[in-house]
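Input: a single structure, listed below in structure tokens.
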Amino acid sequence: MASVFRVAVCDDDQAAIGIISSSLKDVFAAHGVESATSLFSSAEELAEVLPHRRFDLLLLDIDMPGTDGITFGKQLREARDQVDIMYISNREDKVFDSLRVSPVGFIRKSRFLEDMSEVVGAYLSSRKQRHRESVVVLRDHNAVYPVQVAKILYIEGQRKQQIVHVDGQAETIALRRTMGEIENELTREGFIRIHKGYLVNYRYIHLIEDGDVLLSNGERLPISRRKEREVKERLMELVQANDRMVF
Amino acid sequence: MTLVNLIENGNPNWGTLWTEIIFVTCVVVLFGRWQARSRIIAHRLVEMVLLYALWFFLDVSCYYLEQVTGLDLSQYQAPTFASLFGALALYALIHTEIPLADRLVRSVVFACTFVINVGFVSTVLPATGLMKVLTNSFAVPSILSYMLLVVVTVELKVLTLSRFSYIPYQSSILVMFMALFGAYMGRLTEETVLFYSNIRSDSYYSVQVLRFESTLSTFDLVVSVGFFLLICVGYALFYLLAKEHEARTELLITKKSDEDAATMMSVTQQTYSQLREMRHELKNHDAYMSALLERGDYDHMREYFSAYKTKNAEVMGYVSCGNQTVDAVVNAKKTLAASRGIELKSMLAVPAELPFSDSDVYRLLANLLDNAIENTPLTEVADAPGAEDDDVATTGDSASAAPARPVICLTIKPEGAYWFVTVTNPCETSRLRFDSDGLLKTSKRDPVIHGYGTKVIRHIAEDHDGVARFTIKDNVFSAQVMLMDKKAAGALGR
């Protein structure tokens with residue numbers, strides 16, 4: 001990345017913050033990224049600055065007087081701020097709580113040198129992947145449709161054509177291809193054939209139960225009984241492989 | 001081929017079909033109680049009626065084949081057996097979601113109970129004179145299938161109650177009584193139709209049936225009832241055997257978990273004494289470090305620091321993830337692993353309360369970690385001091401000759417409505433074998449218990465509508481478990 005990576009480091013521990021930010025810069029440098037860190041001693045301080053300055057990453061401590069790191073993260077998400085948040089803390093019992101904020105990583109202060117290089121490394125490579133086109137081009141004989149893979153809910157087979165359902169879009173796209181062909185293309189993008197007539201994006205699978213797959217938008221799709229176990233295993237495989245958060 | 005022709009030819013299968021339908025209903029009701037989901041009951045019912053219909057159809061076809069070819073197949077009960085095996089083969093092929101071994105067991109058991117039931121129908125009933133059509137020739141196959149049942153159940157290496165549940169003895173006994181009723185109804189229907197359609201207005205049987213008369217031979221009755229009692233005794237015996245076996249295995253498992261609990265107790269005590277010691281030393285530590293810092297004696301400070309770090313590495317390494325059960329298990333296993341020179345790393349994103357019972361959480365993690373510890377190959381140097389491979393050591397000289405310790409990695413985190421638990425450990429691929437169920441075959445001394453490790457894991461996963469998967473790749477063994485969070489399943493909050 002050509003531009004400088006802007007990181008905001010927030011920690012009330014004055015002694016720690018210096019070491020943390022310099023180690024962070026070193027780790028970024030080791031991955032060939034130039035970074036600039038801004039230091040804050042409280043969430044409130046950072047909150048005042050945020051509307052005026054954009055950061056690429058926020059590295060937050062959890063235990064801070066006033067607003068703690070996780071509450072601050074929740075406030076940001078509620079305000080629809082999707083900035084990347086990474087936590088650095090000794091509070092391992094707070095990891096679960098922090099998940100609600102969808103952090104990109106969790107660094108344990110007790111082993112921060114090791115964790116930092118691992119977590120930041122994974123974060124940077126996942127960022128590169130995110131920027132690479134996650135758009136798949138669906139072709140049929142008549143037209144070409146570029147669609148964001150992560151937004152495809154599922155593909156439904158209807159005799160001669162396959163209907164592509166996209167999240168947030170009421171109109172569906174009809175493709176005159178066979179399900180098998182589409183399946184071959186999309187399997188590596190995380191699509192699972194749950195049923196002869198349905199190819200589902202694993203990202204939208206909320207749960208599998210009772211012969212149905214429940215999607216996170218509330219829709220229910222049928223699943224063949226004998227495939228249930230296989231589909232669950234594949235889901236598990238995909239979730240592990242596409243670990244969004246490293247800690 | 002009209003309905004009347006069918007009846008006129010004295011085809012005995014009416015009674016059998018009635019029996020079958022009643023048998024099906026009874027089995028379904030009984031199975032239905034164990035799985036209170038109406039959809040599954042309906043599914044089974046349809047499945048079994050289709051199976052029976054198929055059997056009936058094949059049976060009738062054989063009969064007509066006889067007519068056409070002139071061969072006497074019924075002498076060897078060929079039609080019945082042919083159709084029975086045909087139906088079972090179809091059953092075995094359809095249910096691919098059940099492991100092959102279980103499928104075969106079920107088919108065989110199914111066949112045996114079936115033949116026995118029909119055998120009963122054909123032995124008792126003729127004796128009571130209600131059905132003179134079938135002869136005692138069914139007794140021989142019934143006895144043979146009974147013996148096959150013995151062999152099958154004894155040969156099952158693990159005779160558990162769950163396997164035994166395939167032998168629907170309750171339904172069999174119930175059906176034996178219902179069969180009488182069913183066959184009687186079948187015969188009555190047949191005869192009534194004939195009687196009132198004037199085909200055989202002088203039917204001896206119809207008069208007999210309508211008047212509940214019968215020619216009963218005491219000897220025949222005794223033999224038949226005796227046979228029936230023998231079957232009941234046989235089933236009871238198998239049931240008791242299976243029950244005892246299961247009880248014994250449960251006892252062994254309880255024993256093992258008691259041992260685990262005892263280990264955990266001692267580990268906790270050890271931890272407390274270590275913490276006390278640490279607290280004590282902390283005061284000295286501060287003073288000493290300040291002194292060294294004042295003097296700018298970095299070399300001594302470095303030495304002291306690494307020694308201090310090593311000494312407390314174990315205590316500092318204990319996890320405190322917020323969940324007491326998880327903490328307890330992981331810390332106990334960490335110590336166990338450390339005693340074998342294995343490092344246990346964990347990445348835990350768990351709340352104070354997991355949506356599973358403590359016992360399930362404990363059993364799952366204990367089994368996963370025990371397996372990982374048992375299957376990690378040991379390195380020569382059991383405890384290399386300070387050789388933690390996470391050391392971004394600034395002391396360049398400590399390139400210790402000791403090899404890096406093998407690492408077991410445990411991860412627990414939620415995703416959507418599921419929890420994912422993964423344990424990886426390095427392994428020597430050649431040592432591990434998988435059986436047909438994808439479960440680890442154990443080479444341990446106590447195969448009953450250790451083989452149960454992966455079974456228990458899979459059981460717990462399936463109890464929670466999830467799956468367990470064991471794989472090896474690049475000399476790393478992975479046990480992945482997925483469990484459904486029933487509470488999260490209710491609330492769609494992604």
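As shown in the structure tokens, the chain order sets the letters A, B, ...; within each chain, residues go from 1, and ligands are also counted from 1 in the order they appear.
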
6 Å contacts from chain B to chain A using only C-alpha atoms, as a VMD selection string | chain B and resid 97 321 to 322 349 to 351 416 to 417

Quick one: everything within 12 Å of stretch 18-24 of chain A, counting only C-alpha atoms, minus sequence neighbours fewer than 6 positions away in the same chain. Send it as number ranges by chain.
-> A: 5-12, 30-31, 33-41, 57-61, 86-89, 107-121

The selected residues should be written to file as a PDB file, in the first residue's frame (atoms: C-alpha atoms).
```
ATOM      1  CA  PHE A   5      -1.145   3.462   7.455  1.00  0.00           C
ATOM      2  CA  ARG A   6      -2.713   5.517  10.187  1.00  0.00           C
ATOM      3  CA  VAL A   7      -3.120   3.859  13.553  1.00  0.00           C
ATOM      4  CA  ALA A   8      -4.648   5.306  16.685  1.00  0.00           C
ATOM      5  CA  VAL A   9      -3.325   3.689  19.863  1.00  0.00           C
ATOM      6  CA  CYS A  10      -5.438   4.215  22.947  1.00  0.00           C
ATOM      7  CA  ASP A  11      -4.252   3.121  26.404  1.00  0.00           C
ATOM      8  CA  ASP A  12      -4.411   4.783  29.780  1.00  0.00           C
ATOM      9  CA  ALA A  30       8.635  -5.752   8.948  1.00  0.00           C
ATOM     10  CA  HIS A  31       5.655  -6.295   6.670  1.00  0.00           C
ATOM     11  CA  VAL A  33       4.079  -1.027   5.522  1.00  0.00           C
ATOM     12  CA  GLU A  34       4.831   2.491   6.609  1.00  0.00           C
ATOM     13  CA  SER A  35       2.726   3.507   9.544  1.00  0.00           C
ATOM     14  CA  ALA A  36       2.006   6.561  11.625  1.00  0.00           C
ATOM     15  CA  THR A  37       0.738   6.154  15.158  1.00  0.00           C
ATOM     16  CA  SER A  38      -1.235   8.684  17.170  1.00  0.00           C
ATOM     17  CA  LEU A  39      -1.420   8.178  20.901  1.00  0.00           C
ATOM     18  CA  PHE A  40      -4.429   8.706  23.103  1.00  0.00           C
ATOM     19  CA  SER A  41      -4.758   8.136  26.798  1.00  0.00           C
ATOM     20  CA  LEU A  57      -6.923   1.018  12.440  1.00  0.00           C
ATOM     21  CA  LEU A  58      -7.741   1.623  16.091  1.00  0.00           C
ATOM     22  CA  LEU A  59      -5.674  -0.282  18.628  1.00  0.00           C
ATOM     23  CA  LEU A  60      -7.554  -0.099  21.886  1.00  0.00           C
ATOM     24  CA  ASP A  61      -6.894  -1.171  25.430  1.00  0.00           C
ATOM     25  CA  MET A  86      -7.982  -4.342  17.285  1.00  0.00           C
ATOM     26  CA  TYR A  87      -7.776  -4.887  21.023  1.00  0.00           C
ATOM     27  CA  ILE A  88      -4.677  -5.121  23.158  1.00  0.00           C
ATOM     28  CA  SER A  89      -5.319  -6.263  26.679  1.00  0.00           C
ATOM     29  CA  ILE A 107      -3.400  -9.027  21.234  1.00  0.00           C
ATOM     30  CA  ARG A 108      -2.590 -10.271  24.694  1.00  0.00           C
ATOM     31  CA  LYS A 109      -0.491  -7.791  26.603  1.00  0.00           C
ATOM     32  CA  SER A 110       1.278 -10.562  28.462  1.00  0.00           C
ATOM     33  CA  ARG A 111       2.773 -11.829  25.203  1.00  0.00           C
ATOM     34  CA  PHE A 112       2.344  -8.814  23.075  1.00  0.00           C
ATOM     35  CA  LEU A 113       5.484  -9.136  21.038  1.00  0.00           C
ATOM     36  CA  GLU A 114       4.564 -12.543  19.721  1.00  0.00           C
ATOM     37  CA  ASP A 115       0.847 -11.880  19.438  1.00  0.00           C
ATOM     38  CA  MET A 116       1.390  -8.554  17.741  1.00  0.00           C
ATOM     39  CA  SER A 117       3.443  -9.921  14.905  1.00  0.00           C
ATOM     40  CA  GLU A 118       1.040 -12.804  14.394  1.00  0.00           C
ATOM     41  CA  VAL A 119      -2.151 -10.787  14.606  1.00  0.00           C
ATOM     42  CA  VAL A 120      -0.930  -7.806  12.612  1.00  0.00           C
ATOM     43  CA  GLY A 121       0.518 -10.101   9.974  1.00  0.00           C
TER      44      GLY A 121
END
```

From A:Ala150, A:Ala16, A:Val136, A:Leu46, residue lying nearest A:Asn201 [only C-alpha atoms] = A:Ala150

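Proximity of B:Gln480, B:Asn367, B:Thr376, B:Gln269 to B:Gly341, computed with only C-alpha atoms, is greatest for B:Thr376.
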
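For the pair atom CA of B:Ile373 and atom CA of B:Val407, the separation is 9.6 Å.
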
What does the distance from atom CA of A:Glu45 to atom CA of A:Glu78 come to in Å, to one decimal?
-> 18.6 Å

Test item, strand (DSSP E) assignment across stretch 5-239 of chain A, answer as a PyMOL selection string = chain A and resi 5-10+35-40+57-60+84-89+105-108+135-139+144-148+152-158+161-166+173-175+191-195+198-201+205-209+212-215+220-222

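The coordinates place atom CA of B:Val423 at 10.9 Å from atom CA of B:Thr471.
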